[in-house]
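So this block is my_file05.cif, mmCIF, C-alpha atoms:
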```
data_run
#
loop_
_atom_site.label_atom_id
_atom_site.label_comp_id
_atom_site.auth_asym_id
_atom_site.auth_seq_id
_atom_site.Cartn_x
_atom_site.Cartn_y
_atom_site.Cartn_z
CA MET A 1 -12.60 -68.03 89.98
CA SER A 2 -12.45 -64.71 91.78
CA MET A 3 -9.16 -63.83 93.41
CA PRO A 4 -8.67 -61.81 96.60
CA ASP A 5 -6.59 -59.25 94.70
CA GLY A 6 -9.53 -58.39 92.47
CA TYR A 7 -8.61 -60.56 89.48
CA ASN A 8 -11.06 -62.98 87.95
CA GLY A 9 -9.63 -65.86 86.00
CA TYR A 10 -9.18 -69.57 85.63
CA TYR A 11 -6.77 -72.23 86.81
CA CYS A 12 -5.79 -74.74 84.17
CA ASN A 13 -4.29 -78.12 85.06
CA VAL A 14 -3.39 -79.98 81.90
CA HIS A 15 -1.13 -82.89 81.01
CA HIS A 16 1.99 -81.80 79.16
CA ALA A 17 1.44 -84.60 76.64
CA CYS A 18 -1.64 -82.72 75.49
CA ALA A 19 -0.64 -79.12 75.88
CA ASP A 20 2.38 -76.86 76.11
CA SER A 21 2.71 -73.12 76.66
CA GLY A 22 1.75 -72.43 73.06
CA SER A 23 -1.43 -74.42 73.58
CA VAL A 24 -2.23 -72.44 76.72
CA VAL A 25 -1.70 -69.14 74.88
CA THR A 26 -3.98 -70.29 72.06
CA PHE A 27 -6.64 -71.38 74.53
CA THR A 28 -6.37 -68.14 76.52
CA LYS A 29 -6.77 -65.99 73.45
CA ASP A 30 -9.81 -67.99 72.45
CA VAL A 31 -11.33 -67.47 75.88
CA MET A 32 -10.66 -63.72 75.67
CA ASP A 33 -12.22 -63.51 72.23
CA ILE A 34 -15.34 -65.31 73.44
CA TYR A 35 -15.47 -63.04 76.48
CA CYS A 36 -15.37 -59.98 74.23
CA HIS A 37 -18.14 -61.45 72.10
CA LEU A 38 -20.35 -61.96 75.12
CA MET A 39 -19.48 -58.68 76.86
CA TYR A 40 -18.97 -56.28 73.99
CA ASP A 41 -20.85 -57.95 71.16
CA LEU A 42 -17.73 -58.44 69.05
CA PRO A 43 -17.83 -61.17 66.40
CA TYR A 44 -17.62 -64.69 67.71
CA PRO A 45 -14.08 -65.95 67.10
CA ALA A 46 -13.38 -68.28 64.22
CA PRO A 47 -12.90 -71.89 65.32
CA LEU A 48 -9.38 -73.05 66.00
CA THR A 49 -7.70 -75.04 63.28
CA SER A 50 -7.75 -78.79 63.54
CA TYR A 51 -5.00 -80.55 65.52
CA ILE A 52 -5.98 -83.69 63.65
CA GLU A 53 -5.14 -81.98 60.36
CA SER A 54 -1.87 -80.82 61.84
CA VAL A 55 -1.03 -84.36 62.91
CA LYS A 56 -2.03 -85.73 59.48
CA LYS A 57 0.53 -83.41 57.91
CA ASP A 58 3.11 -84.68 60.37
CA LEU A 59 2.32 -88.22 59.27
CA GLU A 60 3.20 -87.23 55.71
CA TYR A 61 6.61 -86.02 56.88
CA PRO A 62 8.62 -89.28 56.90
CA GLU A 63 8.21 -89.73 53.14
CA SER A 64 8.80 -86.09 52.28
CA LYS A 65 11.82 -84.41 50.68
CA LYS A 66 12.15 -82.34 53.84
CA ALA A 67 12.59 -85.47 55.93
CA LYS A 68 15.54 -86.46 53.75
CA ARG A 69 17.11 -83.02 54.09
CA ASP A 70 16.60 -83.10 57.85
CA GLU A 71 18.10 -86.56 58.12
CA ALA A 72 21.13 -85.52 56.07
CA TYR A 73 21.64 -82.48 58.28
CA TRP A 74 21.49 -84.32 61.62
CA HIS A 75 23.52 -87.26 60.39
CA ALA A 76 26.21 -84.80 59.31
CA LYS A 77 26.08 -83.31 62.80
CA MET A 78 26.62 -86.75 64.31
CA LYS A 79 29.75 -87.19 62.23
CA GLU A 80 31.36 -84.16 63.86
CA PRO A 81 33.85 -84.73 66.70
CA GLU A 82 32.13 -85.79 69.89
CA PRO A 83 30.62 -83.00 72.00
CA ILE A 84 31.40 -82.63 75.68
CA PHE A 85 29.07 -82.45 78.66
CA THR A 86 29.02 -79.04 80.37
CA ASP A 87 27.13 -79.09 83.64
CA PHE A 88 25.47 -76.07 85.16
CA THR A 89 27.17 -76.99 88.45
CA GLY A 90 30.65 -77.26 86.93
CA PRO A 91 32.87 -80.19 85.92
CA GLY A 92 32.24 -82.27 89.05
CA ARG A 93 29.64 -84.68 87.65
CA LEU A 94 31.72 -85.47 84.57
CA MET A 95 34.87 -85.95 86.62
CA GLN A 96 33.02 -88.30 88.97
CA LEU A 97 31.73 -90.39 86.07
CA ARG A 98 35.22 -90.61 84.60
CA ARG A 99 36.49 -91.92 87.96
CA GLU A 100 33.63 -94.43 88.21
CA LYS A 101 34.25 -95.69 84.69
CA ASN A 102 38.02 -95.45 85.08
CA ASN A 103 38.08 -93.61 81.77
CA PRO A 104 39.43 -90.04 81.73
CA ASP A 105 38.34 -89.53 78.13
CA ILE A 106 34.60 -89.85 78.63
CA ARG A 107 32.82 -86.79 77.26
CA TRP A 108 29.21 -87.68 78.07
CA CYS A 109 27.46 -87.79 81.40
CA MET A 110 24.37 -89.10 83.10
CA LEU A 111 21.99 -86.84 84.90
CA PRO A 112 20.29 -88.35 87.96
CA THR A 113 16.64 -88.70 86.96
CA ARG A 114 15.42 -91.65 88.94
CA ASN A 115 12.08 -90.06 89.32
CA GLY A 116 10.46 -86.90 88.08
CA ASP A 117 9.95 -85.20 91.44
CA GLY A 118 10.54 -81.59 90.67
CA ALA A 119 9.82 -77.97 91.36
CA THR A 120 10.06 -74.59 89.69
CA VAL A 121 12.02 -71.52 90.69
CA THR A 122 10.78 -68.33 89.08
CA TYR A 123 12.56 -65.03 88.57
CA ASP A 124 10.92 -61.92 87.15
CA LEU A 125 13.13 -59.50 85.25
CA ASP A 126 11.94 -55.91 85.45
CA VAL A 127 10.54 -54.19 82.38
CA GLU A 128 13.42 -51.74 82.01
CA SER A 129 16.00 -54.53 81.95
CA THR A 130 13.86 -56.56 79.57
CA ASN A 131 13.62 -53.61 77.22
CA LYS A 132 17.41 -53.29 77.22
CA ILE A 133 17.63 -56.86 75.94
CA ILE A 134 14.96 -56.28 73.31
CA ASP A 135 16.48 -52.97 72.20
CA PHE A 136 19.85 -54.63 71.83
CA ALA A 137 18.34 -57.49 69.85
CA GLU A 138 16.57 -55.08 67.52
CA LYS A 139 19.61 -52.86 67.09
CA TYR A 140 21.80 -55.74 65.98
CA ASP A 141 19.03 -57.70 64.25
CA ILE A 142 19.56 -60.72 66.47
CA PRO A 143 16.69 -62.80 67.89
CA THR A 144 16.11 -62.22 71.60
CA SER A 145 16.44 -65.96 72.14
CA VAL A 146 20.00 -65.80 70.81
CA VAL A 147 20.93 -62.98 73.18
CA ILE A 148 19.74 -65.10 76.11
CA LEU A 149 21.37 -68.27 74.74
CA HIS A 150 24.68 -66.45 74.46
CA ALA A 151 24.48 -65.61 78.15
CA ILE A 152 23.54 -69.13 79.21
CA ARG A 153 26.24 -70.83 77.12
CA THR A 154 28.87 -68.35 78.27
CA VAL A 155 28.04 -69.13 81.88
CA LEU A 156 28.18 -72.88 81.18
CA SER A 157 31.57 -72.29 79.60
CA LYS A 158 32.76 -70.27 82.61
CA PHE A 159 31.58 -72.94 85.06
CA ASN A 160 33.40 -75.65 83.06
CA ASN A 161 36.94 -74.30 82.87
CA ASN A 162 36.11 -72.00 79.94
CA GLU A 163 35.12 -74.95 77.74
CA LYS A 164 34.34 -73.55 74.30
CA ASP A 165 32.19 -76.48 73.09
CA VAL A 166 28.81 -76.14 74.75
CA THR A 167 25.55 -77.92 73.96
CA ILE A 168 22.15 -76.77 75.13
CA ARG A 169 19.00 -78.76 74.49
CA ASN A 170 16.85 -76.32 72.59
CA PHE A 171 13.09 -76.71 72.60
CA VAL A 172 11.26 -75.60 69.49
CA SER A 173 7.52 -75.12 69.53
CA ARG A 174 7.27 -75.80 65.79
CA ARG A 175 4.35 -73.49 65.32
CA SER A 176 5.08 -71.60 62.16
CA THR A 177 2.10 -72.14 59.86
CA LEU A 178 -1.34 -70.82 60.74
CA LEU A 179 -2.57 -74.41 60.90
CA ASN A 180 -0.03 -75.20 63.60
CA LYS A 181 -0.31 -71.90 65.44
CA LYS A 182 -4.07 -72.10 65.83
CA CYS A 183 -4.57 -75.80 66.47
CA GLY A 184 -3.69 -75.70 70.17
CA GLY A 185 -1.96 -79.06 70.31
CA VAL A 186 1.56 -79.86 71.46
CA ARG A 187 4.19 -79.60 68.76
CA MET A 188 7.37 -79.34 70.79
CA HIS A 189 10.57 -80.97 69.68
CA CYS A 190 13.89 -80.69 71.42
CA LEU A 191 17.21 -81.04 69.67
CA PRO A 192 20.77 -80.09 70.55
CA LEU A 193 22.06 -76.62 69.90
CA ARG A 194 25.81 -77.09 69.92
CA THR A 195 28.08 -74.09 69.55
CA ILE A 196 31.83 -73.83 69.62
CA VAL A 197 32.87 -70.30 70.41
CA GLU A 198 36.47 -69.27 70.83
CA PRO A 199 37.11 -67.18 73.94
CA THR A 200 38.60 -64.53 71.67
CA ALA A 201 35.33 -64.12 69.77
CA THR A 202 33.46 -60.93 70.49
CA VAL A 203 30.00 -60.91 71.99
CA LEU A 204 28.50 -60.11 68.60
CA GLU A 205 30.51 -62.85 66.90
CA SER A 206 29.36 -65.31 69.56
CA MET A 207 25.75 -64.34 68.97
CA GLN A 208 26.16 -64.66 65.22
CA ILE A 209 27.55 -68.17 65.65
CA ILE A 210 24.62 -69.10 67.89
CA ASN A 211 22.12 -67.48 65.53
CA LYS A 212 23.42 -69.40 62.54
CA GLU A 213 23.29 -72.70 64.40
CA GLN A 214 19.83 -71.97 65.75
CA GLN A 215 18.48 -71.02 62.33
CA GLU A 216 19.72 -74.30 60.89
CA MET A 217 18.34 -76.18 63.84
CA PHE A 218 14.93 -74.51 63.36
CA LEU A 219 14.95 -75.45 59.71
CA HIS A 220 15.51 -79.09 60.55
CA ALA A 221 13.46 -79.23 63.76
CA ASP A 222 10.86 -81.64 62.36
CA PHE A 223 13.37 -84.47 62.79
CA SER A 224 12.21 -86.86 65.49
CA THR A 225 13.68 -86.05 68.89
CA MET A 226 13.61 -89.67 69.96
CA ARG A 227 15.29 -90.79 66.77
CA TYR A 228 17.99 -88.15 67.11
CA TYR A 229 18.99 -89.11 70.64
CA TYR A 230 18.90 -92.81 69.82
CA GLU A 231 21.13 -92.35 66.77
CA GLN A 232 23.42 -89.99 68.65
CA ARG A 233 24.01 -92.71 71.24
CA ILE A 234 25.04 -95.10 68.49
CA ALA A 235 27.17 -92.52 66.68
CA TYR A 236 29.22 -91.70 69.78
CA ASN A 237 28.96 -95.15 71.38
CA THR A 238 27.56 -93.94 74.68
CA GLU A 239 25.40 -95.63 77.28
CA PRO A 240 21.62 -95.32 77.40
CA GLY A 241 20.69 -92.08 79.13
CA ALA A 242 23.98 -90.38 78.28
CA VAL A 243 23.74 -86.67 77.55
CA TYR A 244 26.03 -83.84 76.49
CA ASP A 245 23.69 -81.11 77.70
CA SER A 246 22.69 -80.29 81.24
CA VAL A 247 20.36 -77.45 80.39
CA SER A 248 17.23 -77.36 78.26
CA PHE A 249 15.99 -74.01 77.05
CA THR A 250 13.02 -72.46 75.36
CA TYR A 251 12.09 -68.89 74.67
CA GLN A 252 8.51 -67.89 74.10
CA PRO A 253 8.41 -64.70 72.03
CA ALA A 254 6.38 -61.81 73.33
CA THR A 255 2.74 -62.37 72.65
CA ARG A 256 1.18 -59.18 71.56
CA LYS A 257 -1.61 -57.89 73.69
CA SER A 258 -4.96 -58.48 72.14
CA LEU A 259 -5.78 -55.77 69.67
CA ILE A 260 -9.31 -55.78 70.99
CA PRO A 261 -9.63 -52.26 72.37
CA TYR A 262 -11.84 -53.29 75.28
CA LEU A 263 -9.05 -55.31 76.83
CA LYS A 264 -6.38 -52.67 76.36
CA ASP A 265 -6.58 -51.26 79.89
CA ILE A 266 -7.61 -54.38 81.72
CA PRO A 267 -4.63 -55.66 83.72
CA PHE A 268 -4.00 -59.36 83.32
CA LYS A 269 -1.38 -61.81 84.46
CA SER A 270 -0.46 -65.47 84.31
CA ARG A 271 1.82 -67.83 86.22
CA TRP A 272 3.07 -71.37 85.87
CA TYR A 273 3.03 -73.70 88.83
CA CYS A 274 4.81 -77.01 89.07
CA SER A 275 2.65 -80.11 89.46
CA GLY A 276 5.34 -81.72 91.57
CA LYS A 277 6.90 -83.46 88.59
CA GLN A 278 9.29 -82.19 85.97
CA PRO A 279 9.93 -83.97 82.66
CA GLN A 280 13.46 -82.53 82.30
CA PRO A 281 16.38 -82.51 84.74
CA PHE A 282 16.77 -78.77 84.23
CA TYR A 283 14.70 -76.66 81.92
CA ILE A 284 14.82 -72.89 81.51
CA THR A 285 11.83 -71.19 79.98
CA ALA A 286 12.09 -67.48 79.23
CA MET A 287 8.81 -65.84 78.42
CA HIS A 288 7.26 -62.43 78.48
CA ARG A 289 4.65 -61.64 81.05
CA PRO A 290 1.27 -60.66 79.66
CA GLY A 291 0.57 -57.20 80.90
CA ASP A 292 3.93 -55.47 81.28
CA GLY A 293 5.90 -57.62 78.80
CA GLY A 294 8.81 -58.11 81.16
CA LEU A 295 10.71 -61.39 80.98
CA THR A 296 10.09 -64.14 83.48
CA PHE A 297 12.56 -67.00 83.79
CA TYR A 298 11.09 -70.29 84.91
CA PHE A 299 13.68 -72.81 86.08
CA GLY A 300 11.98 -76.18 86.13
CA TYR A 301 14.15 -78.82 87.74
CA GLN A 302 14.12 -82.35 89.03
CA LYS A 303 15.14 -82.47 92.66
CA ASP A 304 17.73 -85.18 92.00
CA SER A 305 19.51 -82.88 89.54
CA ALA A 306 19.53 -79.40 91.00
CA THR A 307 18.90 -77.31 94.08
CA PRO A 308 17.31 -73.87 94.35
CA GLU A 309 20.68 -72.51 95.49
CA GLU A 310 22.44 -73.81 92.37
CA ILE A 311 19.71 -72.29 90.23
CA GLU A 312 20.00 -68.94 91.97
CA PHE A 313 23.73 -68.99 91.39
CA LEU A 314 23.23 -69.78 87.70
CA TYR A 315 20.60 -67.06 87.28
CA TYR A 316 22.81 -64.51 89.02
CA PHE A 317 25.73 -65.17 86.71
CA THR A 318 23.55 -65.44 83.63
CA GLY A 319 22.20 -61.99 84.38
CA ARG A 320 25.68 -60.57 84.88
CA VAL A 321 26.94 -62.05 81.62
CA LEU A 322 23.80 -60.99 79.77
CA PHE A 323 24.00 -57.34 80.72
CA ARG A 324 27.79 -57.07 80.53
CA SER A 325 27.44 -58.50 77.02
CA ILE A 326 24.79 -56.11 75.79
CA GLU A 327 26.67 -53.17 77.32
CA ASN A 328 29.95 -54.27 75.70
CA PRO A 329 29.17 -56.08 72.44
CA ASP A 330 32.70 -55.57 71.10
CA LYS A 331 34.37 -57.18 74.08
CA THR A 332 35.50 -60.78 73.76
CA VAL A 333 33.83 -63.68 75.50
CA GLU A 334 36.82 -64.14 77.80
CA GLU A 335 36.71 -60.45 78.74
CA ILE A 336 33.01 -60.73 79.51
CA ILE A 337 33.65 -63.82 81.65
CA LYS A 338 36.27 -61.91 83.63
CA MET A 339 33.93 -58.96 84.06
CA ALA A 340 31.15 -61.21 85.28
CA MET B 341 7.14 -66.51 41.42
CA LEU B 342 5.45 -63.71 43.33
CA GLU B 343 2.07 -65.48 43.22
CA LYS B 344 3.56 -68.76 44.42
CA LEU B 345 5.44 -66.99 47.20
CA LYS B 346 2.26 -65.19 48.24
CA GLU B 347 0.54 -68.57 48.61
CA LEU B 348 3.34 -69.77 50.86
CA ILE B 349 3.27 -66.56 52.87
CA CYS B 350 -0.46 -66.90 53.48
CA ASN B 351 0.16 -70.32 55.04
CA TYR B 352 2.19 -68.59 57.71
CA VAL B 353 0.58 -65.25 58.44
CA ASP B 354 -2.98 -64.03 58.47
CA VAL B 355 -2.82 -61.50 55.65
CA ASP B 356 -4.81 -61.02 52.49
CA SER B 357 -2.87 -62.16 49.46
CA ASP B 358 -3.85 -58.93 47.68
CA ASP B 359 -2.08 -56.93 50.38
CA ILE B 360 1.27 -58.60 49.71
CA THR B 361 3.60 -56.77 47.34
CA GLU B 362 7.27 -57.04 46.51
CA ASP B 363 7.86 -54.14 48.89
CA SER B 364 6.15 -55.92 51.80
CA ARG B 365 8.56 -56.37 54.68
CA PHE B 366 8.38 -59.81 56.27
CA ALA B 367 8.68 -58.67 59.88
CA GLU B 368 7.17 -55.20 60.01
CA ASP B 369 4.39 -55.54 57.41
CA LEU B 370 3.57 -59.23 57.35
CA GLY B 371 4.26 -60.14 60.96
CA PHE B 372 6.85 -62.89 60.50
CA ASN B 373 9.11 -63.79 63.37
CA SER B 374 12.51 -65.36 62.74
CA TYR B 375 11.26 -68.91 63.25
CA ASP B 376 8.29 -68.52 60.90
CA PHE B 377 10.58 -67.06 58.27
CA ILE B 378 13.13 -69.86 58.49
CA CYS B 379 10.35 -72.45 58.20
CA MET B 380 8.94 -70.68 55.16
CA LEU B 381 12.38 -70.78 53.57
CA GLY B 382 12.16 -74.54 53.94
CA ASP B 383 8.91 -74.54 52.01
CA CYS B 384 10.53 -72.36 49.37
CA GLU B 385 13.20 -75.03 48.88
CA ASP B 386 10.49 -77.57 48.05
CA GLU B 387 8.32 -75.22 46.01
CA PHE B 388 11.08 -73.71 43.88
CA GLU B 389 13.42 -76.73 43.95
CA VAL B 390 16.43 -74.79 45.18
CA GLU B 391 18.88 -75.21 48.00
CA ILE B 392 18.73 -72.15 50.16
CA GLU B 393 21.63 -70.90 52.23
CA GLN B 394 19.91 -69.82 55.40
CA ALA B 395 22.42 -67.22 56.50
CA VAL B 396 22.18 -65.44 53.14
CA ALA B 397 18.44 -65.78 52.57
CA ALA B 398 17.70 -64.61 56.11
CA LYS B 399 19.04 -61.19 55.11
CA SER B 400 16.07 -60.74 52.77
CA LYS B 401 13.87 -58.19 54.46
CA THR B 402 11.23 -57.83 51.75
CA VAL B 403 9.31 -60.16 49.49
CA GLY B 404 11.10 -58.70 46.49
CA GLN B 405 14.53 -59.32 48.00
CA LEU B 406 13.67 -62.95 48.66
CA ILE B 407 12.40 -63.39 45.10
CA GLU B 408 15.64 -61.86 43.82
CA TYR B 409 17.67 -64.28 45.94
CA ILE B 410 15.69 -67.34 44.85
CA GLU B 411 15.85 -66.36 41.19
CA GLY B 412 19.58 -65.94 41.59
CA ILE B 413 20.11 -69.51 42.78
CA ALA B 414 17.44 -71.24 40.69
#
```

Would you put the structure from the file into structure tokens?
Amino acid sequence: MSMPDGYNGYYCNVHHACADSGSVVTFTKDVMDIYCHLMYDLPYPAPLTSYIESVKKDLEYPESKKAKRDEAYWHAKMKEPEPIFTDFTGPGRLMQLRREKNNPDIRWCMLPTRNGDGATVTYDLDVESTNKIIDFAEKYDIPTSVVILHAIRTVLSKFNNNEKDVTIRNFVSRRSTLLNKKCGGVRMHCLPLRTIVEPTATVLESMQIINKEQQEMFLHADFSTMRYYYEQRIAYNTEPGAVYDSVSFTYQPATRKSLIPYLKDIPFKSRWYCSGKQPQPFYITAMHRPGDGGLTFYFGYQKDSATPEEIEFLYYFTGRVLFRSIENPDKTVEEIIKMA
Amino acid sequence: MLEKLKELICNYVDVDSDDITEDSRFAEDLGFNSYDFICMLGDCEDEFEVEIEQAVAAKSKTVGQLIEYIEGIA
């Protein structure tokens, strides 16, 4: 389709059961490669790898040694003391549930998800600010996702009376091998990323704690999401639908611009639009814009769970914590919270 | 061990096996991101029958350093 601003492109409406952002990136690159073949006589791109083969390997997983290691890891996690729900709006929802259940010791909560009616709020971070985050991450050899996670969990802590035990539902695209990267199919799993950070820990120490937990989580991310949350419910004796996390998060690493020289100076852009439904109560996706590489934060939310004003408030504070942190990596978490 | 590790590496990144040396850096030369690398460490556990400590192994920046680490725990 031709756009009024001079762009030519396509609009893709696809069911999330079939495709995720990684799928869309794979598809887009394929389209660009074919375009370059037709326009500039470059070699026709190699076919994508087979999603069926990728799924067949997944079917081998349950009987594998890795499955046993993953099971041991997550079962050990479920033996740890019970987590606590930290809401992006503060302690109100948990306090209300405790009153309703007449139990002041409840640590889980329910998020209102009667239907999936949802929307997306989008914030674009400028390139200069994005580069500050990336430069910081490179300087301290910390993944960019961890830098952002530190900010989000610190804000959740701040909003919940400086609670140091924070869980975020981390989405992992599970595309590491070439087979998985180039097959185009959905491979997302989500599992809890729980971190306990003392307020006296420095920013760098906080990020190292998060990094260690995330690395272990990545290593064991093939464990079934559904099985985890079912077994967690049994381990902590909670009700169906109980959660300890209010926020889901995923970071899509910067996709390098195509190395095809013909496309180097052609401006291009992409945008997500909500279909009117959201699968998660509150889901933050941080991804780099094609073109200028700046970060865009997509806040997908279900209307029963959040409002645009609450999201704006969260984004505002997340940004303050993020940049205070990278400007003052030796300050403690409690100092950063006060500064924010 | 280098040849076996090269096979594993080629499952993750689009490089020619002949271009991989012990001096190859995972991120800068071979194009690994942190997630790919962690997943490959998982494969190394199966292939070399070792239990890898992620936080320590993740400090390996080159193929040679990872081999040295794995040989040390094997």

Select from chain B every residue with an atom at most 9 Å from any atom of chain A, then for each give the shortest pair of atoms and their distance in Å to one decimal, using all atoms listed in the file, rows by chain and rising number, as CSV.
```
residue,atom,partner,partner_atom,distance
B:Cys350,CA,A:Leu178,CA,8.3
B:Asn351,CA,A:Thr177,CA,5.5
B:Tyr352,CA,A:Thr177,CA,4.2
B:Val353,CA,A:Leu178,CA,6.3
B:Asp354,CA,A:Leu178,CA,7.3
B:Asn373,CA,A:Pro253,CA,8.7
B:Ser374,CA,A:Pro143,CA,7.1
B:Tyr375,CA,A:Phe218,CA,6.7
B:Asp376,CA,A:Ser176,CA,4.6
B:Phe377,CA,A:Ser176,CA,8.1
B:Ile378,CA,A:Leu219,CA,6.0
B:Cys379,CA,A:Leu219,CA,5.7
B:Met380,CA,A:Ser176,CA,8.0
B:Leu381,CA,A:Leu219,CA,8.1
B:Gly382,CA,A:Leu219,CA,6.5
B:Asp383,CA,A:Lys66,CA,8.6
B:Glu385,CA,A:Lys66,CA,8.9
B:Asp386,CA,A:Lys65,CA,7.4
B:Gln394,CA,A:Glu216,CA,7.1
B:Ala395,CA,A:Lys212,CA,6.5
B:Ala398,CA,A:Gln215,CA,9.0
```

For this session: Calculate how many Å separate CA of Glu327 (chain A) from CA of Phe136 (chain A), rounding to one decimal.
Result: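 About the pair CA of Glu327 (chain A) and CA of Phe136 (chain A): they are 8.9 Å apart.
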
Problem set entry | Separation of CA of Tyr7 (chain A) from CA of Ile266 (chain A) in Å |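 Value for the CA of Ile266 (chain A)-CA of Tyr7 (chain A) distance: 10.0 Å.
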
Problem set entry | Explicit residue set for the PyMOL selection byres ((chain A and resi 318-324) around 10), as a PyMOL selection string | chain A and resi 125+129+132-133+147-156+203+312-317+325-329+331+333+335-340

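Across the model, the gap from CA of Tyr123 (chain A) to CA of Ser246 (chain A) is 19.7 Å.
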
May I have the protein, DNA and RNA residues with an atom at most 9 Å from (14.8, -74.3, 40.0), counting only C-alpha atoms in the file's coordinates, returned as a short mmCIF file (atom, residue, chain, number, x, y, z; two decimals) with C-alpha atoms, in the coordinates of the input?
```cif
data_model
loop_
_atom_site.label_atom_id
_atom_site.label_comp_id
_atom_site.auth_asym_id
_atom_site.auth_seq_id
_atom_site.Cartn_x
_atom_site.Cartn_y
_atom_site.Cartn_z
CA GLU B 387 8.32 -75.22 46.01
CA PHE B 388 11.08 -73.71 43.88
CA GLU B 389 13.42 -76.73 43.95
CA VAL B 390 16.43 -74.79 45.18
CA ILE B 410 15.69 -67.34 44.85
CA GLU B 411 15.85 -66.36 41.19
CA ILE B 413 20.11 -69.51 42.78
CA ALA B 414 17.44 -71.24 40.69
#
```

For this session: Translate the PyMOL selection byres ((chain B and resi 361) around 12), as applied to the file shown, into an explicit residue set as a PyMOL selection string.
Result: chain B and resi 341-343+345-346+349+355-360+362-366+369-370+402-407

Exercise. Applied to the shown file, which residues does the PyMOL selection byres ((chain A and resi 294-306) around 7) return, written as a VMD selection string?
Worked result: chain A and resid 111 to 113 116 to 127 130 278 280 to 289 292 to 293 307 to 308 310
